[in-house]
Each structure stands twice: as C-alpha cells, then as structure tokens.
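Visitor: Data: work_24.txt, compact mmCIF, C-alpha atoms and all ligand atoms.
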```txt
# COMPACT_ATOMS: atom_id res chain seq x y z
CA MET A 1 55.90 71.01 -31.56
CA LYS A 2 54.96 72.06 -28.06
CA ASP A 3 51.50 73.09 -29.26
CA LYS A 4 51.15 69.83 -31.11
CA LEU A 5 51.94 67.87 -27.94
CA GLU A 6 49.39 69.88 -25.94
CA LEU A 7 46.83 69.29 -28.66
CA LEU A 8 47.53 65.56 -28.57
CA ARG A 9 47.21 65.58 -24.78
CA SER A 10 43.77 67.18 -24.82
CA ALA A 11 42.61 65.13 -27.82
CA ALA A 12 43.67 61.90 -26.08
CA LYS A 13 41.95 62.90 -22.82
CA ALA A 14 38.73 63.77 -24.62
CA GLU A 15 38.73 60.45 -26.45
CA ILE A 16 39.47 58.52 -23.27
CA HIS A 17 36.58 60.18 -21.46
CA ALA A 18 34.23 59.38 -24.29
CA ALA A 19 35.32 55.74 -24.57
CA ASP A 20 32.72 53.28 -23.23
CA SER A 21 34.56 50.00 -23.30
CA VAL A 22 37.90 48.43 -22.38
CA GLN A 23 38.59 47.69 -26.05
CA ALA A 24 37.87 51.29 -27.06
CA VAL A 25 40.38 52.54 -24.46
CA ASP A 26 42.94 50.05 -25.69
CA GLU A 27 42.48 51.29 -29.25
CA ILE A 28 43.12 54.82 -28.00
CA ARG A 29 46.31 53.63 -26.29
CA VAL A 30 47.54 52.15 -29.56
CA LYS A 31 46.57 55.26 -31.48
CA PHE A 32 48.55 57.65 -29.23
CA LEU A 33 51.20 55.57 -27.48
CA GLY A 34 51.72 52.58 -29.76
CA LYS A 35 54.82 52.02 -31.93
CA LYS A 36 53.12 53.79 -34.80
CA GLY A 37 51.23 56.13 -32.46
CA GLU A 38 51.08 59.88 -32.60
CA ILE A 39 53.27 60.63 -29.56
CA THR A 40 55.88 58.17 -30.83
CA ALA A 41 55.81 59.93 -34.21
CA ILE A 42 56.63 63.23 -32.50
CA LEU A 43 59.44 61.70 -30.46
CA LYS A 44 60.90 60.41 -33.71
CA GLN A 45 61.13 64.00 -35.01
CA MET A 46 63.20 65.12 -32.01
CA GLY A 47 66.40 64.80 -34.09
CA SER A 48 65.43 67.85 -36.12
CA LEU A 49 65.26 70.07 -33.01
CA SER A 50 67.99 72.40 -31.77
CA ALA A 51 70.11 71.39 -28.78
CA GLU A 52 68.24 73.88 -26.52
CA GLU A 53 64.78 72.84 -27.63
CA ARG A 54 65.40 69.11 -27.47
CA PRO A 55 65.40 68.64 -23.64
CA ILE A 56 62.39 70.92 -23.18
CA ILE A 57 60.30 69.16 -25.81
CA GLY A 58 61.64 65.78 -24.64
CA GLN A 59 60.52 66.48 -21.08
CA LEU A 60 57.12 67.71 -22.22
CA ALA A 61 56.65 64.67 -24.48
CA ASN A 62 57.44 62.34 -21.55
CA GLU A 63 55.08 64.26 -19.33
CA VAL A 64 52.27 64.09 -21.91
CA ARG A 65 52.86 60.39 -22.40
CA ALA A 66 52.81 59.77 -18.62
CA ASP A 67 49.69 61.87 -18.34
CA ILE A 68 47.93 59.90 -21.08
CA GLU A 69 49.09 56.60 -19.59
CA ALA A 70 47.65 57.60 -16.21
CA GLU A 71 44.37 58.61 -17.84
CA ILE A 72 44.23 55.32 -19.66
CA ALA A 73 44.95 53.29 -16.50
CA GLY A 74 42.23 55.21 -14.63
CA ALA A 75 39.70 54.73 -17.40
CA MET A 76 40.58 51.05 -17.74
CA SER A 77 40.03 50.25 -14.08
CA LEU A 78 36.76 52.21 -14.05
CA LEU A 79 35.50 50.38 -17.13
CA LYS A 80 36.60 46.99 -15.80
CA ASP A 81 34.72 47.64 -12.56
CA LYS A 82 31.69 48.70 -14.55
CA ALA A 83 31.84 45.57 -16.71
CA LEU A 84 32.22 43.36 -13.62
CA ASN A 85 29.29 45.01 -11.87
CA ALA A 86 27.13 44.67 -14.96
CA LYS A 87 28.03 40.98 -15.15
CA LEU A 88 27.30 40.41 -11.46
CA GLU A 89 24.01 42.19 -11.78
CA ALA A 90 23.00 40.16 -14.82
CA GLU A 91 23.90 36.89 -13.10
CA GLU A 92 22.38 37.75 -9.75
CA ILE A 93 20.41 34.95 -8.12
CA ASP A 94 17.29 36.19 -6.45
CA ILE A 95 17.26 34.15 -3.27
CA THR A 96 13.92 35.66 -2.29
CA LEU A 97 12.11 33.92 -5.19
CA PRO A 98 9.87 31.09 -3.97
CA GLY A 99 11.39 27.66 -4.79
CA LYS A 100 9.80 25.18 -7.15
CA GLN A 101 7.72 22.66 -5.22
CA ALA A 102 8.74 19.09 -6.00
CA ALA A 103 5.65 16.88 -6.24
CA LYS A 104 5.62 14.60 -3.19
CA GLY A 105 4.67 10.98 -3.58
CA SER A 106 2.72 9.10 -0.93
CA LEU A 107 2.16 5.52 0.10
CA HIS A 108 -0.60 3.65 -1.70
CA PRO A 109 -3.46 3.13 0.79
CA LEU A 110 -2.97 -0.66 0.55
CA ASN A 111 0.66 -0.23 1.53
CA SER A 112 0.00 2.19 4.36
CA VAL A 113 -2.63 -0.13 5.86
CA LEU A 114 -0.23 -3.06 5.37
CA GLU A 115 2.55 -1.16 7.16
CA ASN A 116 0.16 -0.43 10.00
CA LEU A 117 -0.83 -4.13 10.13
CA ILE A 118 2.80 -5.30 10.09
CA ASP A 119 3.62 -2.93 12.98
CA ILE A 120 0.78 -4.39 15.02
CA PHE A 121 1.80 -8.01 14.45
CA GLN A 122 5.51 -7.33 14.87
CA SER A 123 4.74 -5.78 18.25
CA MET A 124 3.13 -9.14 19.14
CA GLY A 125 6.29 -11.01 18.11
CA PHE A 126 5.36 -12.09 14.56
CA ASP A 127 7.94 -12.35 11.73
CA VAL A 128 7.09 -11.31 8.17
CA VAL A 129 7.77 -13.96 5.51
CA ASP A 130 7.31 -13.91 1.75
CA GLY A 131 5.89 -16.57 -0.55
CA PRO A 132 5.73 -17.04 -4.34
CA GLU A 133 2.68 -15.91 -6.36
CA VAL A 134 3.17 -18.79 -8.79
CA GLU A 135 2.52 -21.86 -6.69
CA THR A 136 2.22 -25.59 -7.13
CA GLU A 137 -1.09 -27.39 -6.57
CA HIS A 138 0.61 -29.11 -3.69
CA TYR A 139 1.20 -25.94 -1.65
CA ASN A 140 -1.95 -24.14 -2.72
CA PHE A 141 -4.38 -27.06 -2.25
CA GLU A 142 -3.18 -30.57 -1.41
CA ALA A 143 -1.01 -29.84 1.62
CA LEU A 144 -3.87 -27.63 2.87
CA ASN A 145 -6.20 -30.62 3.01
CA VAL A 146 -7.91 -29.75 -0.28
CA PRO A 147 -7.54 -32.83 -2.53
CA ALA A 148 -8.22 -32.66 -6.28
CA ASP A 149 -11.91 -33.61 -5.95
CA HIS A 150 -12.66 -31.24 -3.04
CA PRO A 151 -15.57 -28.81 -3.74
CA ALA A 152 -13.50 -25.93 -2.23
CA ARG A 153 -11.44 -25.96 -5.45
CA ASP A 154 -14.52 -24.70 -7.31
CA MET A 155 -14.70 -21.49 -5.28
CA GLN A 156 -11.02 -20.90 -5.85
CA ASP A 157 -10.67 -21.44 -9.58
CA THR A 158 -7.58 -19.75 -10.94
CA PHE A 159 -5.19 -19.49 -13.88
CA TYR A 160 -3.09 -22.61 -14.47
CA LEU A 161 0.34 -22.15 -16.00
CA GLY A 162 0.81 -25.89 -16.43
CA PRO A 163 -0.56 -29.16 -15.06
CA GLU A 164 0.95 -28.48 -11.61
CA LEU A 165 1.55 -24.70 -11.59
CA LEU A 166 -1.03 -22.03 -10.84
CA LEU A 167 -1.46 -18.44 -9.66
CA ARG A 168 -2.03 -18.92 -5.94
CA THR A 169 -5.60 -18.44 -4.73
CA GLN A 170 -4.69 -17.87 -1.09
CA THR A 171 -1.64 -16.90 0.94
CA SER A 172 -2.30 -20.06 3.01
CA ALA A 173 0.32 -21.72 0.81
CA ALA A 174 2.85 -19.76 2.88
CA GLN A 175 1.70 -21.69 5.99
CA ILE A 176 2.99 -24.92 4.49
CA ARG A 177 6.25 -23.42 3.23
CA THR A 178 6.86 -21.97 6.70
CA MET A 179 6.13 -25.19 8.58
CA GLU A 180 8.44 -27.08 6.22
CA THR A 181 11.36 -24.75 6.93
CA ARG A 182 10.84 -23.66 10.55
CA LYS A 183 10.42 -25.57 13.76
CA PRO A 184 7.84 -24.50 16.36
CA PRO A 185 7.46 -22.09 18.06
CA ILE A 186 6.28 -20.39 14.84
CA ARG A 187 4.74 -16.93 14.72
CA ILE A 188 4.62 -15.41 11.21
CA ILE A 189 2.53 -13.28 8.91
CA SER A 190 2.84 -13.43 5.12
CA PRO A 191 1.27 -10.68 3.02
CA GLY A 192 0.84 -10.88 -0.74
CA ARG A 193 -1.21 -10.92 -3.92
CA VAL A 194 -3.67 -13.72 -4.69
CA TYR A 195 -5.71 -14.59 -7.79
CA ARG A 196 -9.18 -16.01 -8.42
CA ALA A 197 -11.46 -16.30 -11.43
CA ASP A 198 -13.81 -13.56 -10.19
CA GLU A 199 -15.77 -10.95 -12.13
CA VAL A 200 -14.77 -7.36 -11.36
CA ASP A 201 -17.32 -5.35 -9.38
CA ALA A 202 -17.32 -2.89 -6.47
CA THR A 203 -16.27 -5.61 -3.99
CA HIS A 204 -14.52 -8.21 -6.18
CA SER A 205 -11.33 -8.31 -8.20
CA PRO A 206 -9.55 -11.26 -9.84
CA VAL A 207 -6.37 -9.97 -8.17
CA PHE A 208 -6.49 -9.04 -4.52
CA HIS A 209 -4.40 -9.14 -1.35
CA GLN A 210 -4.31 -11.30 1.73
CA VAL A 211 -2.22 -11.43 4.85
CA GLU A 212 -1.75 -14.94 6.17
CA GLY A 213 -0.97 -15.54 9.81
CA LEU A 214 0.29 -18.69 11.51
CA VAL A 215 1.11 -19.54 15.10
CA VAL A 216 2.27 -23.02 16.10
CA ASP A 217 3.49 -23.96 19.57
CA LYS A 218 2.69 -26.20 22.51
CA GLY A 219 -0.62 -25.36 24.18
CA ILE A 220 -2.03 -22.89 21.61
CA THR A 221 -5.84 -22.71 21.93
CA LEU A 222 -8.80 -21.04 20.26
CA CYS A 223 -8.62 -18.42 23.04
CA ASP A 224 -5.19 -17.35 21.77
CA LEU A 225 -6.64 -16.97 18.28
CA MET A 226 -9.59 -14.90 19.54
CA GLY A 227 -7.47 -12.68 21.77
CA THR A 228 -4.87 -12.02 19.07
CA LEU A 229 -7.41 -11.15 16.39
CA GLU A 230 -9.55 -9.01 18.69
CA LYS A 231 -6.47 -7.03 19.69
CA PHE A 232 -5.50 -6.67 16.02
CA ALA A 233 -8.96 -5.41 14.99
CA GLN A 234 -9.02 -2.83 17.79
CA GLU A 235 -5.54 -1.59 16.88
CA ILE A 236 -6.59 -1.16 13.24
CA TYR A 237 -10.09 0.29 13.65
CA GLY A 238 -9.98 1.82 17.12
CA SER A 239 -10.37 0.51 20.68
CA ASP A 240 -14.18 0.73 20.74
CA THR A 241 -14.46 -1.71 17.80
CA LYS A 242 -16.46 -4.85 18.56
CA VAL A 243 -15.36 -8.20 17.17
CA ARG A 244 -17.66 -11.14 16.37
CA PHE A 245 -16.62 -14.75 15.69
CA ARG A 246 -18.94 -16.89 13.55
CA PRO A 247 -18.48 -20.62 13.05
CA SER A 248 -17.35 -21.41 9.53
CA PHE A 249 -15.55 -24.04 7.48
CA PHE A 250 -12.10 -24.21 5.89
CA PRO A 251 -10.57 -27.56 4.90
CA PHE A 252 -7.27 -26.71 6.62
CA THR A 253 -8.60 -25.51 9.99
CA GLU A 254 -10.79 -27.17 12.60
CA PRO A 255 -12.68 -25.53 14.17
CA SER A 256 -12.93 -22.63 11.72
CA VAL A 257 -14.32 -19.13 12.21
CA GLU A 258 -15.05 -16.03 10.24
CA VAL A 259 -14.38 -12.75 11.98
CA ASP A 260 -16.53 -9.64 11.67
CA VAL A 261 -15.90 -6.18 13.08
CA SER A 262 -18.55 -3.64 14.00
CA CYS A 263 -18.95 -1.33 11.00
CA PRO A 264 -16.38 1.51 11.32
CA LYS A 265 -18.86 3.88 9.66
CA CYS A 266 -22.10 3.26 11.57
CA GLY A 267 -21.04 1.09 14.53
CA THR A 268 -23.55 -1.85 14.15
CA LYS A 269 -26.50 0.46 13.25
CA GLY A 270 -26.45 -0.53 9.58
CA CYS A 271 -25.44 1.75 6.68
CA ASN A 272 -24.50 1.59 3.00
CA MET A 273 -20.93 0.48 3.75
CA CYS A 274 -21.97 -2.64 5.74
CA LYS A 275 -25.03 -3.11 3.49
CA GLY A 276 -27.30 -2.67 6.51
CA ALA A 277 -25.70 -5.54 8.44
CA GLY A 278 -23.83 -3.41 11.00
CA TRP A 279 -20.89 -5.83 10.74
CA ILE A 280 -18.12 -6.35 8.21
CA GLU A 281 -16.26 -9.60 7.61
CA ILE A 282 -12.50 -9.06 7.49
CA LEU A 283 -10.92 -12.47 7.85
CA GLY A 284 -11.16 -16.25 8.04
CA ALA A 285 -9.33 -18.23 10.70
CA GLY A 286 -9.20 -21.43 12.69
CA MET A 287 -7.12 -23.98 14.54
CA VAL A 288 -4.61 -25.61 12.17
CA HIS A 289 -6.04 -28.99 11.06
CA PRO A 290 -4.08 -31.99 12.46
CA ASN A 291 -3.71 -33.33 8.88
CA VAL A 292 -1.93 -30.12 7.86
CA LEU A 293 0.46 -30.23 10.82
CA ARG A 294 1.14 -33.90 10.14
CA SER A 295 1.85 -33.35 6.43
CA CYS A 296 4.50 -30.81 7.47
CA GLY A 297 6.13 -33.21 9.91
CA ILE A 298 4.75 -31.56 13.06
CA ASP A 299 3.19 -33.90 15.64
CA PRO A 300 -0.40 -32.72 16.31
CA GLU A 301 -0.33 -34.58 19.65
CA VAL A 302 2.43 -32.25 20.84
CA TYR A 303 1.79 -29.01 18.97
CA THR A 304 -1.33 -27.02 18.14
CA GLY A 305 -1.68 -23.80 16.22
CA PHE A 306 -4.00 -21.24 14.72
CA ALA A 307 -4.02 -19.62 11.31
CA PHE A 308 -5.84 -16.66 9.80
CA GLY A 309 -6.20 -15.01 6.40
CA ILE A 310 -6.98 -11.30 6.39
CA GLY A 311 -8.51 -9.62 3.34
CA LEU A 312 -6.22 -6.60 2.97
CA ASP A 313 -8.36 -4.89 0.32
CA ARG A 314 -11.47 -5.12 2.51
CA LEU A 315 -9.46 -3.90 5.49
CA THR A 316 -8.29 -0.88 3.48
CA THR A 317 -11.66 0.06 1.95
CA THR A 318 -13.45 -0.17 5.30
CA LYS A 319 -10.75 1.60 7.28
CA HIS A 320 -10.64 4.51 4.81
CA LYS A 321 -14.38 4.32 3.91
CA ILE A 322 -13.62 3.74 0.22
CA SER A 323 -16.80 2.75 -1.60
CA ASP A 324 -15.33 0.72 -4.46
CA ILE A 325 -12.41 -1.74 -4.46
CA ARG A 326 -11.61 -0.81 -8.08
CA LEU A 327 -10.29 2.56 -6.87
CA LEU A 328 -7.41 0.65 -5.25
CA PHE A 329 -6.30 -0.73 -8.61
CA GLU A 330 -6.92 2.15 -11.01
CA ASN A 331 -4.18 4.31 -9.45
CA ASP A 332 -5.83 7.62 -10.30
CA VAL A 333 -3.53 10.19 -8.66
CA ARG A 334 -6.49 12.37 -7.66
CA PHE A 335 -7.64 9.43 -5.53
CA LEU A 336 -4.19 8.39 -4.29
CA GLU A 337 -3.25 11.94 -3.29
CA GLN A 338 -5.88 11.81 -0.54
CA PHE A 339 -3.83 9.36 1.52
N1 LIG A 401 -7.26 -18.97 2.97
C1 LIG A 401 -8.58 -18.68 3.42
C2 LIG A 401 -9.32 -17.94 2.29
O1 LIG A 401 -8.67 -17.46 1.38
C3 LIG A 401 -8.57 -17.86 4.67
C4 LIG A 401 -8.02 -18.59 5.85
C5 LIG A 401 -6.68 -18.53 6.14
C6 LIG A 401 -8.84 -19.32 6.69
C7 LIG A 401 -6.16 -19.21 7.25
C8 LIG A 401 -8.36 -20.01 7.78
C9 LIG A 401 -7.01 -19.93 8.05
O2 LIG A 401 -10.51 -17.81 2.31
```
Will you turn the file into structure tokens for me?
Ligand code: PHE
Guide:
Amino acid sequence: MKDKLELLRSAAKAEIHAADSVQAVDEIRVKFLGKKGEITAILKQMGSLSAEERPIIGQLANEVRADIEAEIAGAMSLLKDKALNAKLEAEEIDITLPGKQAAKGSLHPLNSVLENLIDIFQSMGFDVVDGPEVETEHYNFEALNVPADHPARDMQDTFYLGPELLLRTQTSAAQIRTMETRKPPIRIISPGRVYRADEVDATHSPVFHQVEGLVVDKGITLCDLMGTLEKFAQEIYGSDTKVRFRPSFFPFTEPSVEVDVSCPKCGTKGCNMCKGAGWIEILGAGMVHPNVLRSCGIDPEVYTGFAFGIGLDRLTTTKHKISDIRLLFENDVRFLEQF
C-alpha cells in the first residue's frame, strides 16, 4: 500500500507538470483527490490494515494528499497567471499607433467672405437682419419705387409663385421691412439669396447672393456713404485698394452710384479677371429716395439715409481670384478644400 501511495504521488506530480490548462489540472484533482479518486479509494481500504500499519499508512496517505494538493494549487496559480497574461497581451492597445485622421470640414468660401464682411460692418455699428426669400411684389418692387410698369422690372424678371408672391430679386426688400419695424437711427446689413431669370455662365447665375445695407439718421450725406464703402472695400481687399464711384441709376436711391474697386489681381493695369478694365464693380448704392422713406412713414425732411447692395458672389470670386462663379455652386470638395 505504501508503494502504491508513492506511485500515485509521482504519477500525480508528473501529470500536473504536463497539464497545460486550468481545466486539465482540475481534472487531475478529481482523478486523484475526488470522492471517487484514487487516493480516496486507498483510504477506503484502510480498514483491512493491521492496527500497527494503519497509522503509518494513514499518515503517509495524508502527506501524499497534502503534497498533491500543494502541487495542484501551485500549478493552478501558475496557469491562471499565464492565461491572464495571454489575455492581456492579446487585448493590448498599441498607443503608439498613429490615430485615424477625421476629415475636417471648412467654411464655404461664400460663408467665409460673408463672415469677414459681417465683422467689418459690425465693427462700424451695423446690426445683421434677415429677410424672406419669398417676397411680395410690394416689398420687392412697389415700396422701392418700382411700380408695375417700370422698365426696371424687365431686368429683374423672376419666378412668380402667385399673382403677388415672387422669389425676391434683390435684398433691397429688407430695407423696407427694416424701416417699417425700426425707428431711426437705423444701421443694418441684410445678407441673403436672390433670384433672377438669368442664363448660367461664368459670371451669371439665376441664384446668387447680395448683402443689403441701410443707414438712416438725421444728417446722413453722400460723404458718409462714400467713406463707409471705401473703408469696407479696403478692409476686404487690402488697404492699398482704390475705390471709384460712378454715377448710376436705381429707382429707390437718388443720387445713385456704382462702386468699383481697383482689380485685386492686376491693380488697375488690366488683366483677364477685370477683362482689361483694371476695375471691378462690386456694389450699387445711393441716398435713399424720399419716396421710399415716406412710404415707410419716415419724414424725408427730417431724416436722410444711404443704402447699398453688395454682390457677395462677385466679392468672393475677386477676393479669392476664382475664375468662374459656377464653382461656388457646384460644391466640388476638391475646390472647396482649398479654402
Ligand atoms: N438692389 C440693387 C440691385 O440689386 C442694388 C442696390 C441696393 C442699389 C441698394 C442701391 C441701393 O442691383
């Protein structure tokens, strides 16, 4: 029996050393130490031993069992460590790997020029107001001194949604809405989309953008208009930009002007961008017509004002030297990414 116990001890140890998993070790435990295990089987035969042999074999059996238990505990903790390390290794996050670059969006050039423009006018004390793109004939034409039979309606043909409703042809409609709701002193700009029945080409689009401006107060003169717009042009294009005022006509301003800036590409020499002229027209402006003030309930004997309408698309193409207005509307990312 003694030999048998020693045999079991060495057999168990050999098996434990060879085991390569926690489950395998547990199976060995059951095989030797379990209720139906081999050591237990020997202990059950103790009854057949003599009174002298019994304590000796009993002690040895306990010793072998303790020995095997210790081996098993040792092997278990080793294998658990190994399993944990393997798991940690497999799940390791390599913090030295370069991260995935998220694609960065950017402002559309029209928006970035508009933001620049808004900054400039806000620094001069202007508020930004919004106006609807679907307008009535009243706000888009009549209140602006353009009655139904006025030839200016021809140049600003647009899409009519009903007998009175149309897609606005100019942000000037916002002038009227502002004067109806605010009392002078008024100093606002109103940017937005406008629509005209125009063929698409490199410089025309049936949808484009304007920024309206309006100042009404006591004692406003043409000099205020000229100073404000010259300052604006030099802030947008650079301080060495020259500004030229040409007499013009708009039904809702008197006198009226058109404003050119020296070509940002060639500086009045003449190039492909200014079509050889050396100058580029960026806006129309003038002193608010007394009829317009009157129709908004403002006394033209007390108040005067100036208004302007900036072509935002033209401003953007000339500032960024973009050759074709259509690029602003196609939204090709390869183009947009450059801004
Ligand atoms: N609304 C005019 C246009 O679209 C521009 C303008 C605005 C002119 C304000 C004078 C004053 O051509």
Visitor: Using only C-alpha atoms and all ligand atoms, which of A:Glu27, A:Glu281, A:Asp240, A:Glu212 sits nearest ligand LIG 401 (chain A)?
Guide: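 With only C-alpha atoms and all ligand atoms as the atom set, the closest residue is A:Glu212.
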Visitor: Have a look at CA of Leu315 (chain A) and CA of Val211 (chain A) and let me know their distance in Å, one decimal.
Guide: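 Taking CA of Leu315 (chain A) and CA of Val211 (chain A), their separation equals 10.5 Å.
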Visitor: Compile a residue-level contact table for chain A against ligand LIG 401 (chain A) at a cut-off of 7 Å, reporting for every qualifying residue the shortest atom pair and its distance in Å to one decimal, with only C-alpha atoms and all ligand atoms counted, rows ordered by chain and ascending number, as a tab-separated table.
Guide:
```
residue	atom	partner	partner_atom	distance
A:Thr169	CA	A:LIG401	O1	6.9
A:Gln170	CA	A:LIG401	O1	4.7
A:Thr171	CA	A:LIG401	N1	6.3
A:Ser172	CA	A:LIG401	N1	5.1
A:Glu212	CA	A:LIG401	C5	6.1
A:Gly213	CA	A:LIG401	C7	6.9
A:Phe250	CA	A:LIG401	C6	5.9
A:Phe252	CA	A:LIG401	C8	6.9
A:Thr253	CA	A:LIG401	C8	5.9
A:Ser256	CA	A:LIG401	C8	6.6
A:Leu283	CA	A:LIG401	C3	6.7
A:Gly284	CA	A:LIG401	C6	4.1
A:Ala285	CA	A:LIG401	C8	3.6
A:Gly286	CA	A:LIG401	C8	5.2
A:Ala307	CA	A:LIG401	C9	4.4
A:Phe308	CA	A:LIG401	C7	3.6
A:Gly309	CA	A:LIG401	C5	3.6
A:Ile310	CA	A:LIG401	C3	7.0
```
Visitor: Mind checking which residues fall within 9 Å of region 129-141 of chain A, counting all atoms listed in the file, ignoring those fewer than 4 positions away in the same chain, and posting them as a ChimeraX atom specification?
Guide: /A:145-148,153,161,163-178,188-195
Visitor: I need the residue nearest Leu214 (chain A) from this list: A:Leu60, A:Val128, A:Ala11, A:Ala19. Use only C-alpha atoms for the distance.
Guide: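 Looking only at the distances to Leu214 (chain A), the closest residue turns out to be A:Val128.
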Visitor: Neighbouring residues of Arg9 (chain A) were defined as those with any atom within 10 Å, considering only C-alpha atoms; residues of the same chain fewer than 5 positions away were excluded. Please report them as a ChimeraX atom specification.
Guide: /A:3-4,14,32,39,61,63-65,67-68
Visitor: Of the candidates A:Arg196, A:His320, A:Lys100, A:Arg244, which one gets nearest to Asp154 (chain A) if we count all atoms listed in the file?
Guide: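 Looking only at the distances to Asp154 (chain A), the closest residue turns out to be A:Arg196.
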Visitor: With only C-alpha atoms as the counted atoms, please give the residues lying no more than 9 Å from region 327-329 of chain A, apart from itself and same-chain residues fewer than 5 positions off, as a list in words.
Guide: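 Contacts, with the query itself left out: His108, Pro109, Leu110, Ala202, Asp313, Thr316, Thr317, Ile322, Phe335 and Leu336 of chain A.
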Visitor: Using only C-alpha atoms, can you tell me which of A:Val302, A:Met179, A:Cys274, A:Ile118 comes closest to Glu235 (chain A)?
Guide: A:Ile118
Visitor: Might you pull out every residue within 10 Å of Ala73 (chain A), with all atoms listed in the file counted and same-chain residues fewer than 4 positions away left off, and present them as a short mmCIF file (atom, residue, chain, number, x, y, z; two decimals) with C-alpha atoms, in the frame of the given file?
Guide:
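For reference, result_14.cif as written:
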```
data_model
loop_
_atom_site.label_atom_id
_atom_site.label_comp_id
_atom_site.auth_asym_id
_atom_site.auth_seq_id
_atom_site.Cartn_x
_atom_site.Cartn_y
_atom_site.Cartn_z
CA VAL A 25 40.38 52.54 -24.46
CA ASP A 26 42.94 50.05 -25.69
CA ARG A 29 46.31 53.63 -26.29
CA ASP A 67 49.69 61.87 -18.34
CA ILE A 68 47.93 59.90 -21.08
CA GLU A 69 49.09 56.60 -19.59
CA SER A 77 40.03 50.25 -14.08
CA LEU A 78 36.76 52.21 -14.05
CA LEU A 79 35.50 50.38 -17.13
#
```
Visitor: How many Å separate CA of Asp201 (chain A) from CA of Val333 (chain A)?
Guide: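 CA of Val333 (chain A) lies 20.8 Å from CA of Asp201 (chain A).
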Visitor: Give me, please, the distance in Å between CA of Leu8 (chain A) and CA of Pro55 (chain A), quoted to one decimal.
Guide: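 So the answer is 18.8 Å.
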Visitor: Select, from A:Asn85, A:Gln23, A:Phe232, A:Val215, the residue with the minimum atom-to-atom distance to Ser123 (chain A), counting all atoms listed in the file.
Guide: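 So, comparing all the options, the nearest one is A:Phe232.
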Visitor: Would you please work out which residue, of A:Asp81, A:Cys263, A:Glu89, A:Leu225, is nearest to Lys275 (chain A) when using only C-alpha atoms?
Guide: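 With only C-alpha atoms as the atom set, the closest residue is A:Cys263.
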Visitor: Just the residues within 6 Å of Val261 (chain A), please, counting all atoms listed in the file, with nothing from its chain fewer than 3 positions along; format it as a ChimeraX atom specification.
Guide: /A:242-243,279-280
